[in-house]
Every structure is written in structure tokens, then in C-alpha cells.
Amino acid sequence: MTTITASDVNKLRQVTGAGLMDCKAALTETGGDFEGAIDFLRKKGAKIAAKRADRDATEGAVIALTSADSTTGVIIVLSCETDFVGKNENFVAFAKEVAEIALNNKPATLEALKALPMGNATIDARLLDEVAKIGEKIDVVKYELIQGSNVVAYIHGANRMGVLVEMNNAPSDANMVAGKDAAMQIAAMNPVAVDRDGVDSTTIERELEVGKEQARQEGKPEAMIEKIAMGKLEKFYKDSTLLNQEFVKDGSKTVAKMLQDTEAGLTIKQFRRVQLG
């Protein structure tokens with residue numbers, strides 16, 4: 001019978017992060033085969049994941065990062081079942097490590113991200129390690145990537161929401177502050193697009209129909225219905241598109257005006273807003 005030493009158990013624990021008893025059980029089950037023990041723990045994680053597949057995993061951590069040269073930004077969401085796990089330092093550190101891998105490799109899809117190496121395995125395999133270790137349904141469920149000339153990242157509410165903003169001008173101290181303010185605006189006001197040109201036709205048609213129906217319910221003359229609906233659409237643009245919104249830090253100006261006051265020609269090209277749930 002193979003003797004399992006404390007050193008063997010500790011080595012497996014350092015590689016997988018699993019508990020001492022789980023590591024000892026894995027090594028015992030596999031006759032001291034180190035690689036086999038790693039696979040054993042992952043299979044345990046897969047079994048737990050299968051059993052908990054129907055559980056809601058609406059807690060977790062959102063991580064938003066940008067590269068040192070501000071040309072790339074990523075957001076990832078690592079989900080779990082409970083707020084207790086979502087706030088755990090090791091869980092958040094794991095989420096940050098996944099985000100850094102995404103930032104360095106710039107995968108095109110979530111599936112491609114999960115296939116990337118993380119230590120001695122893929123991210124997908126390491127997720128099973130975490131499931132085995134924690135006993136909750138854990139997964140990377142969202143991933144966003146922006147590449148451009150000037151990307152700013154913002155994390156809101158203790159890793160519960162992440163925002164990426166791309167600006168048109170080259171990075172400067174002033175516009176980085178403005179970009180952060182714009183990201184905070186996006187987090188708070190949840191705009192549907194950068195400007196009216198970015199609103200899709202389905203949304204416009206829906207807003208016009210709602211406006212018309214509201215006008216009819218108010219008893220407005222049929223001849224005025226179209227004009228009233230157009231007025232309501234204009235208000236929708238003002239309330240729901242980023243550049244036209246009132247700037248939350250100074251209601252006397254729009255976000256577009258805040259950007260122009262910061263730096264000539266400064267504007268937002270695109271943004272991403274991702275939150276838990």
C-alpha cells in the first residue's frame with residue numbers, strides 16, 4: 001500500500017487549492033499518483049457542478065481591467081451561489097487572475113477564454129478545481145473586450161458591476177478623469193447607447209408606439225399623436241443615451257459638454273456595462 005506523506009498532501013494542496021482531507025483522499029484513491037489525484041479532484045468538481053446545475057449562481061465578482069497603455073480593456077464575471085463566497089478574498093483573487101489572463105491574451109469569445117492556460121491547466125479545468133474546493137456552482141459567465149486608443153475601466157459597488165469606456169483622444173491625465181466620470185455615469189444611469197445614432201430601430205419603434213399609446217390614453221387628438229410621440233422619443237434620447245444625459249456630477253451640463261469642457265474634441269466611442277445577475 002502506497003504511503004501518503006504530509007509533504008505529498010501539501011504539494012497537491014498548493015497546486016489545486018483543495019482542502020487537506022480532499023487532497024489526502026485523492027492521493028489515497030489514486031495510489032499516490034500526483035497527476036491522477038489532480039484529475040480525481042477535478043472529477044469531483046465536475047460531479048458537484050452537475051448536481052448544482054439547476055442552482056442560481058447570481059452572486060460573484062465583476063473585474064474590469066485595462067492594459068498599461070490604455071489600448072485594451074476587459075470585464076469578466078466570475079459567478080457563485082452565495083454572497084459569502086463572492087466576497088471571499090481568494091475567490092476575488094481568482095477572478096482577478098482570470099481577468100489578467102483575458103487582458104494579456106485578448107480572446108475573442110468566452111469559450112476561447114476558458115480554454116486558455118491557467119497554471120498547470122486550462123481556466124475551464126481550474127474552475128472545476130474551485131467547485132471541488134468550495135462546493136458551489138462557480139463559472140466565468142460573462143466576458144467583454146474593448147480594444148481602442150484610450151480605454152478606461154471602472155468597478156462599482158464592491159465588484160458588483162464593471163464598466164469599460166473607450167474615448168477618441170490619446171490618453172492624458174485630464175481625459176482619464178473624464179473617462180472615469182463617464183464610466184461612473186454609465187454605472188448609475190445605465191444608458192442604452194452612446195448617442196441617438198446608436199439606438200437600434202426596434203427600440204425606437206417601441207418607444208414611438210409607447211408614446212402614441214400614452215397620448216391616446218391621455219385623450220389627445222389623433223392629429224397630434226405622431227408629434228407627441230416624437231417629443232417623447234426626444235425625451236427618451238435625452239434620458240437614455242450617454243452623451244445626451246445630464247451629467248450626474250453637474251446637472252447644468254450634459255455628458256457631451258463635460259467631455260468637451262475637459263478637452264477639445266473629446267467624446268466617447270463605445271462602452272460596456274456588466275453587472276452581477
# chains A, B, ... in the order shown; residues from 1 in each chain; ligands from 1
>>> closest_atom_pairs(of="region 114-193 of chain A", to="region 86-89 of chain A", cutoff="12 Å", atoms="only C-alpha atoms", output="JSON lines")
{"residue": "A:Ile134", "atom": "CA", "partner": "A:Asn88", "partner_atom": "CA", "distance": 10.8}
{"residue": "A:Glu136", "atom": "CA", "partner": "A:Gly86", "partner_atom": "CA", "distance": 10.7}
{"residue": "A:Lys137", "atom": "CA", "partner": "A:Gly86", "partner_atom": "CA", "distance": 11.5}
{"residue": "A:Ile138", "atom": "CA", "partner": "A:Gly86", "partner_atom": "CA", "distance": 9.9}
{"residue": "A:Asp139", "atom": "CA", "partner": "A:Gly86", "partner_atom": "CA", "distance": 11.8}
{"residue": "A:Gly157", "atom": "CA", "partner": "A:Lys87", "partner_atom": "CA", "distance": 11.6}
{"residue": "A:Ala158", "atom": "CA", "partner": "A:Lys87", "partner_atom": "CA", "distance": 8.3}
{"residue": "A:Asn159", "atom": "CA", "partner": "A:Lys87", "partner_atom": "CA", "distance": 8.6}
{"residue": "A:Arg160", "atom": "CA", "partner": "A:Gly86", "partner_atom": "CA", "distance": 9.4}
>>> write_last_selection(atoms="N, CA and C atoms", output="PDB file, in the first residue's frame")
ATOM      1  N   ILE A 134     -14.771  24.634  -3.078  1.00  0.00           N
ATOM      2  CA  ILE A 134     -15.755  25.486  -2.399  1.00  0.00           C
ATOM      3  C   ILE A 134     -17.101  24.797  -2.238  1.00  0.00           C
ATOM      4  N   GLU A 136     -19.649  25.080  -4.398  1.00  0.00           N
ATOM      5  CA  GLU A 136     -20.715  25.870  -5.007  1.00  0.00           C
ATOM      6  C   GLU A 136     -20.573  25.841  -6.525  1.00  0.00           C
ATOM      7  N   LYS A 137     -21.645  26.190  -7.204  1.00  0.00           N
ATOM      8  CA  LYS A 137     -21.615  26.333  -8.655  1.00  0.00           C
ATOM      9  C   LYS A 137     -20.833  27.607  -8.994  1.00  0.00           C
ATOM     10  N   ILE A 138     -19.687  27.442  -9.657  1.00  0.00           N
ATOM     11  CA  ILE A 138     -18.797  28.566  -9.966  1.00  0.00           C
ATOM     12  C   ILE A 138     -18.463  28.523 -11.458  1.00  0.00           C
ATOM     13  N   ASP A 139     -18.531  29.678 -12.107  1.00  0.00           N
ATOM     14  CA  ASP A 139     -18.243  29.707 -13.535  1.00  0.00           C
ATOM     15  C   ASP A 139     -17.902  31.132 -13.971  1.00  0.00           C
ATOM     16  N   GLY A 157     -19.384  49.305  -6.689  1.00  0.00           N
ATOM     17  CA  GLY A 157     -20.096  48.557  -5.657  1.00  0.00           C
ATOM     18  C   GLY A 157     -19.474  47.241  -5.253  1.00  0.00           C
ATOM     19  N   ALA A 158     -18.238  47.254  -4.803  1.00  0.00           N
ATOM     20  CA  ALA A 158     -17.564  46.052  -4.279  1.00  0.00           C
ATOM     21  C   ALA A 158     -17.634  44.902  -5.264  1.00  0.00           C
ATOM     22  N   ASN A 159     -17.148  45.148  -6.484  1.00  0.00           N
ATOM     23  CA  ASN A 159     -17.056  44.124  -7.540  1.00  0.00           C
ATOM     24  C   ASN A 159     -18.412  43.606  -8.008  1.00  0.00           C
ATOM     25  N   ARG A 160     -19.453  44.440  -7.929  1.00  0.00           N
ATOM     26  CA  ARG A 160     -20.776  44.014  -8.389  1.00  0.00           C
ATOM     27  C   ARG A 160     -21.093  44.525  -9.798  1.00  0.00           C
TER      28      ARG A 160
END
>>> select_by_dssp(residues="region 22-127 of chain A", states="strand (DSSP E or B)", output="ChimeraX atom specification")
/A:59-66,72-80,117-118,121-122
>>> residues_around(residues="Met184 (chain A)", least_positions_apart="2", cutoff="12 Å", atoms="only C-alpha atoms", output="PDB file with N, CA and C atoms, in the first residue's frame")
ATOM      1  N   VAL A 152     -10.811  53.179 -20.499  1.00  0.00           N
ATOM      2  CA  VAL A 152     -10.821  53.380 -19.055  1.00  0.00           C
ATOM      3  C   VAL A 152     -11.730  52.325 -18.419  1.00  0.00           C
ATOM      4  N   ALA A 153     -11.312  51.776 -17.278  1.00  0.00           N
ATOM      5  CA  ALA A 153     -12.103  50.776 -16.555  1.00  0.00           C
ATOM      6  C   ALA A 153     -12.573  51.335 -15.223  1.00  0.00           C
ATOM      7  N   TYR A 154     -13.752  50.869 -14.796  1.00  0.00           N
ATOM      8  CA  TYR A 154     -14.306  51.291 -13.510  1.00  0.00           C
ATOM      9  C   TYR A 154     -15.063  50.118 -12.897  1.00  0.00           C
ATOM     10  N   ILE A 155     -14.822  49.863 -11.611  1.00  0.00           N
ATOM     11  CA  ILE A 155     -15.558  48.828 -10.875  1.00  0.00           C
ATOM     12  C   ILE A 155     -16.419  49.510  -9.829  1.00  0.00           C
ATOM     13  N   HIS A 156     -17.696  49.151  -9.817  1.00  0.00           N
ATOM     14  CA  HIS A 156     -18.668  49.804  -8.936  1.00  0.00           C
ATOM     15  C   HIS A 156     -19.209  48.823  -7.904  1.00  0.00           C
ATOM     16  N   GLY A 157     -19.384  49.305  -6.689  1.00  0.00           N
ATOM     17  CA  GLY A 157     -20.096  48.557  -5.657  1.00  0.00           C
ATOM     18  C   GLY A 157     -19.474  47.241  -5.253  1.00  0.00           C
ATOM     19  N   MET A 161     -20.312  45.462 -10.307  1.00  0.00           N
ATOM     20  CA  MET A 161     -20.533  45.974 -11.656  1.00  0.00           C
ATOM     21  C   MET A 161     -19.217  46.487 -12.219  1.00  0.00           C
ATOM     22  N   GLY A 162     -19.015  46.280 -13.523  1.00  0.00           N
ATOM     23  CA  GLY A 162     -17.822  46.785 -14.183  1.00  0.00           C
ATOM     24  C   GLY A 162     -18.196  47.549 -15.436  1.00  0.00           C
ATOM     25  N   VAL A 163     -17.441  48.615 -15.729  1.00  0.00           N
ATOM     26  CA  VAL A 163     -17.696  49.437 -16.907  1.00  0.00           C
ATOM     27  C   VAL A 163     -16.382  49.672 -17.650  1.00  0.00           C
ATOM     28  N   LEU A 164     -16.441  49.584 -18.973  1.00  0.00           N
ATOM     29  CA  LEU A 164     -15.334  49.977 -19.837  1.00  0.00           C
ATOM     30  C   LEU A 164     -15.805  51.115 -20.727  1.00  0.00           C
ATOM     31  N   VAL A 165     -14.961  52.128 -20.903  1.00  0.00           N
ATOM     32  CA  VAL A 165     -15.268  53.267 -21.765  1.00  0.00           C
ATOM     33  C   VAL A 165     -14.097  53.484 -22.712  1.00  0.00           C
ATOM     34  N   VAL A 177      -9.546  61.199 -16.143  1.00  0.00           N
ATOM     35  CA  VAL A 177     -10.507  61.560 -15.089  1.00  0.00           C
ATOM     36  C   VAL A 177     -11.906  61.663 -15.684  1.00  0.00           C
ATOM     37  N   ALA A 178     -12.011  62.310 -16.846  1.00  0.00           N
ATOM     38  CA  ALA A 178     -13.307  62.444 -17.517  1.00  0.00           C
ATOM     39  C   ALA A 178     -13.864  61.077 -17.904  1.00  0.00           C
ATOM     40  N   GLY A 179     -12.987  60.187 -18.352  1.00  0.00           N
ATOM     41  CA  GLY A 179     -13.418  58.842 -18.705  1.00  0.00           C
ATOM     42  C   GLY A 179     -13.952  58.092 -17.507  1.00  0.00           C
ATOM     43  N   LYS A 180     -13.310  58.269 -16.368  1.00  0.00           N
ATOM     44  CA  LYS A 180     -13.781  57.642 -15.123  1.00  0.00           C
ATOM     45  C   LYS A 180     -15.136  58.216 -14.732  1.00  0.00           C
ATOM     46  N   ASP A 181     -15.305  59.542 -14.885  1.00  0.00           N
ATOM     47  CA  ASP A 181     -16.597  60.156 -14.597  1.00  0.00           C
ATOM     48  C   ASP A 181     -17.686  59.630 -15.529  1.00  0.00           C
ATOM     49  N   ALA A 182     -17.345  59.444 -16.805  1.00  0.00           N
ATOM     50  CA  ALA A 182     -18.305  58.899 -17.765  1.00  0.00           C
ATOM     51  C   ALA A 182     -18.665  57.460 -17.402  1.00  0.00           C
ATOM     52  N   ILE A 186     -22.313  55.878 -16.493  1.00  0.00           N
ATOM     53  CA  ILE A 186     -22.868  54.673 -17.114  1.00  0.00           C
ATOM     54  C   ILE A 186     -23.334  53.692 -16.040  1.00  0.00           C
ATOM     55  N   ALA A 187     -22.531  53.527 -14.995  1.00  0.00           N
ATOM     56  CA  ALA A 187     -22.900  52.622 -13.906  1.00  0.00           C
ATOM     57  C   ALA A 187     -24.198  53.074 -13.250  1.00  0.00           C
ATOM     58  N   ALA A 188     -24.336  54.376 -13.030  1.00  0.00           N
ATOM     59  CA  ALA A 188     -25.500  54.901 -12.316  1.00  0.00           C
ATOM     60  C   ALA A 188     -26.747  54.989 -13.191  1.00  0.00           C
ATOM     61  N   MET A 189     -26.591  55.419 -14.447  1.00  0.00           N
ATOM     62  CA  MET A 189     -27.742  55.769 -15.290  1.00  0.00           C
ATOM     63  C   MET A 189     -28.082  54.727 -16.362  1.00  0.00           C
ATOM     64  N   ASN A 190     -27.213  53.763 -16.574  1.00  0.00           N
ATOM     65  CA  ASN A 190     -27.462  52.657 -17.494  1.00  0.00           C
ATOM     66  C   ASN A 190     -27.999  53.101 -18.862  1.00  0.00           C
ATOM     67  N   PRO A 191     -27.259  53.927 -19.597  1.00  0.00           N
ATOM     68  CA  PRO A 191     -27.713  54.356 -20.926  1.00  0.00           C
ATOM     69  C   PRO A 191     -27.793  53.177 -21.894  1.00  0.00           C
ATOM     70  N   LEU A 242     -26.048  58.189 -23.524  1.00  0.00           N
ATOM     71  CA  LEU A 242     -24.997  58.700 -22.652  1.00  0.00           C
ATOM     72  C   LEU A 242     -24.655  60.173 -22.872  1.00  0.00           C
ATOM     73  N   PHE A 247     -25.218  65.322 -16.811  1.00  0.00           N
ATOM     74  CA  PHE A 247     -24.052  64.814 -16.092  1.00  0.00           C
ATOM     75  C   PHE A 247     -24.398  64.732 -14.608  1.00  0.00           C
ATOM     76  N   VAL A 248     -24.246  63.556 -14.007  1.00  0.00           N
ATOM     77  CA  VAL A 248     -24.693  63.354 -12.633  1.00  0.00           C
ATOM     78  C   VAL A 248     -23.936  64.227 -11.631  1.00  0.00           C
ATOM     79  N   LYS A 249     -22.711  64.607 -11.943  1.00  0.00           N
ATOM     80  CA  LYS A 249     -21.940  65.440 -11.025  1.00  0.00           C
ATOM     81  C   LYS A 249     -22.226  66.934 -11.192  1.00  0.00           C
ATOM     82  N   VAL A 255     -23.322  65.109 -20.524  1.00  0.00           N
ATOM     83  CA  VAL A 255     -22.060  64.369 -20.535  1.00  0.00           C
ATOM     84  C   VAL A 255     -21.199  64.827 -21.710  1.00  0.00           C
ATOM     85  N   PHE A 271     -18.909  51.823 -25.089  1.00  0.00           N
ATOM     86  CA  PHE A 271     -18.788  51.421 -23.686  1.00  0.00           C
ATOM     87  C   PHE A 271     -19.393  50.034 -23.500  1.00  0.00           C
ATOM     88  N   ARG A 272     -19.017  49.388 -22.382  1.00  0.00           N
ATOM     89  CA  ARG A 272     -19.615  48.142 -21.946  1.00  0.00           C
ATOM     90  C   ARG A 272     -19.958  48.286 -20.465  1.00  0.00           C
ATOM     91  N   ARG A 273     -21.126  47.766 -20.101  1.00  0.00           N
ATOM     92  CA  ARG A 273     -21.565  47.792 -18.701  1.00  0.00           C
ATOM     93  C   ARG A 273     -22.040  46.388 -18.335  1.00  0.00           C
TER      94      ARG A 273
END
>>> select_by_dssp(residues="region 51-172 of chain A", states="helix (DSSP H, G or I)", output="ChimeraX atom specification")
/A:51,83-86,89-105,110-114,123-134
>>> closest_residue(among="A:Ile268, A:Val131, A:Val15, A:Ile4", to="Val85 (chain A)", atoms="only C-alpha atoms")
A:Val131
>>> closest_residue(among="A:Glu207, A:Asp124, A:Asp8, A:Asp56", to="Asp33 (chain A)", atoms="only C-alpha atoms")
A:Asp8
>>> atom_distance(atom1="CA of Glu213 (chain A)", atom2="CA of Phe236 (chain A)")
15.3 Å
>>> closest_residue(among="A:Ile38, A:Ala256, A:Ile146, A:Ala102", to="Ala25 (chain A)", atoms="only C-alpha atoms")
A:Ile38
>>> residues_around(residues="Lys142 (chain A)", least_positions_apart="3", cutoff="10 Å", atoms="only C-alpha atoms", output="ChimeraX atom specification")
/A:62,75-79,109-110,139,274-276
>>> closest_residue(among="A:Ala229, A:Ala223, A:Val194, A:Ala132", to="Gly211 (chain A)", atoms="only C-alpha atoms")
A:Ala229
>>> residues_around(residues="Pro117 (chain A)", least_positions_apart="5", cutoff="10 Å", atoms="only C-alpha atoms", output="count of residues only")
7
>>> closest_residue(among="A:Arg216, A:Lys227, A:Lys232, A:Lys43", to="Ile204 (chain A)", atoms="only C-alpha atoms")
A:Lys232
>>> decode(residues="region 83-97 of chain A", atoms="N, CA and C atoms", output="PDB file, in the first residue's frame")
ATOM      1  N   ASP A  83     -23.300  35.224  -1.440  1.00  0.00           N
ATOM      2  CA  ASP A  83     -22.577  36.473  -1.223  1.00  0.00           C
ATOM      3  C   ASP A  83     -21.325  36.225  -0.384  1.00  0.00           C
ATOM      4  N   PHE A  84     -21.401  35.267   0.518  1.00  0.00           N
ATOM      5  CA  PHE A  84     -20.261  34.935   1.383  1.00  0.00           C
ATOM      6  C   PHE A  84     -19.047  34.529   0.545  1.00  0.00           C
ATOM      7  N   VAL A  85     -19.262  33.651  -0.437  1.00  0.00           N
ATOM      8  CA  VAL A  85     -18.178  33.219  -1.315  1.00  0.00           C
ATOM      9  C   VAL A  85     -17.745  34.366  -2.224  1.00  0.00           C
ATOM     10  N   GLY A  86     -18.716  35.116  -2.758  1.00  0.00           N
ATOM     11  CA  GLY A  86     -18.415  36.202  -3.687  1.00  0.00           C
ATOM     12  C   GLY A  86     -17.501  37.267  -3.104  1.00  0.00           C
ATOM     13  N   LYS A  87     -17.542  37.428  -1.789  1.00  0.00           N
ATOM     14  CA  LYS A  87     -16.710  38.434  -1.134  1.00  0.00           C
ATOM     15  C   LYS A  87     -15.411  37.858  -0.577  1.00  0.00           C
ATOM     16  N   ASN A  88     -15.239  36.558  -0.711  1.00  0.00           N
ATOM     17  CA  ASN A  88     -14.035  35.915  -0.187  1.00  0.00           C
ATOM     18  C   ASN A  88     -12.795  36.390  -0.941  1.00  0.00           C
ATOM     19  N   GLU A  89     -11.728  36.700  -0.220  1.00  0.00           N
ATOM     20  CA  GLU A  89     -10.506  37.239  -0.833  1.00  0.00           C
ATOM     21  C   GLU A  89      -9.923  36.304  -1.882  1.00  0.00           C
ATOM     22  N   ASN A  90      -9.914  35.005  -1.588  1.00  0.00           N
ATOM     23  CA  ASN A  90      -9.348  34.048  -2.534  1.00  0.00           C
ATOM     24  C   ASN A  90     -10.194  33.950  -3.806  1.00  0.00           C
ATOM     25  N   PHE A  91     -11.505  34.036  -3.644  1.00  0.00           N
ATOM     26  CA  PHE A  91     -12.412  33.993  -4.802  1.00  0.00           C
ATOM     27  C   PHE A  91     -12.180  35.215  -5.693  1.00  0.00           C
ATOM     28  N   VAL A  92     -12.095  36.392  -5.076  1.00  0.00           N
ATOM     29  CA  VAL A  92     -11.867  37.631  -5.839  1.00  0.00           C
ATOM     30  C   VAL A  92     -10.489  37.590  -6.504  1.00  0.00           C
ATOM     31  N   ALA A  93      -9.490  37.054  -5.800  1.00  0.00           N
ATOM     32  CA  ALA A  93      -8.138  36.937  -6.374  1.00  0.00           C
ATOM     33  C   ALA A  93      -8.150  36.018  -7.585  1.00  0.00           C
ATOM     34  N   PHE A  94      -8.922  34.934  -7.506  1.00  0.00           N
ATOM     35  CA  PHE A  94      -9.054  34.013  -8.640  1.00  0.00           C
ATOM     36  C   PHE A  94      -9.690  34.739  -9.828  1.00  0.00           C
ATOM     37  N   ALA A  95     -10.736  35.523  -9.560  1.00  0.00           N
ATOM     38  CA  ALA A  95     -11.404  36.290 -10.620  1.00  0.00           C
ATOM     39  C   ALA A  95     -10.436  37.278 -11.272  1.00  0.00           C
ATOM     40  N   LYS A  96      -9.608  37.933 -10.457  1.00  0.00           N
ATOM     41  CA  LYS A  96      -8.633  38.881 -10.992  1.00  0.00           C
ATOM     42  C   LYS A  96      -7.593  38.174 -11.865  1.00  0.00           C
ATOM     43  N   GLU A  97      -7.201  36.973 -11.459  1.00  0.00           N
ATOM     44  CA  GLU A  97      -6.226  36.217 -12.251  1.00  0.00           C
ATOM     45  C   GLU A  97      -6.812  35.856 -13.616  1.00  0.00           C
TER      46      GLU A  97
END
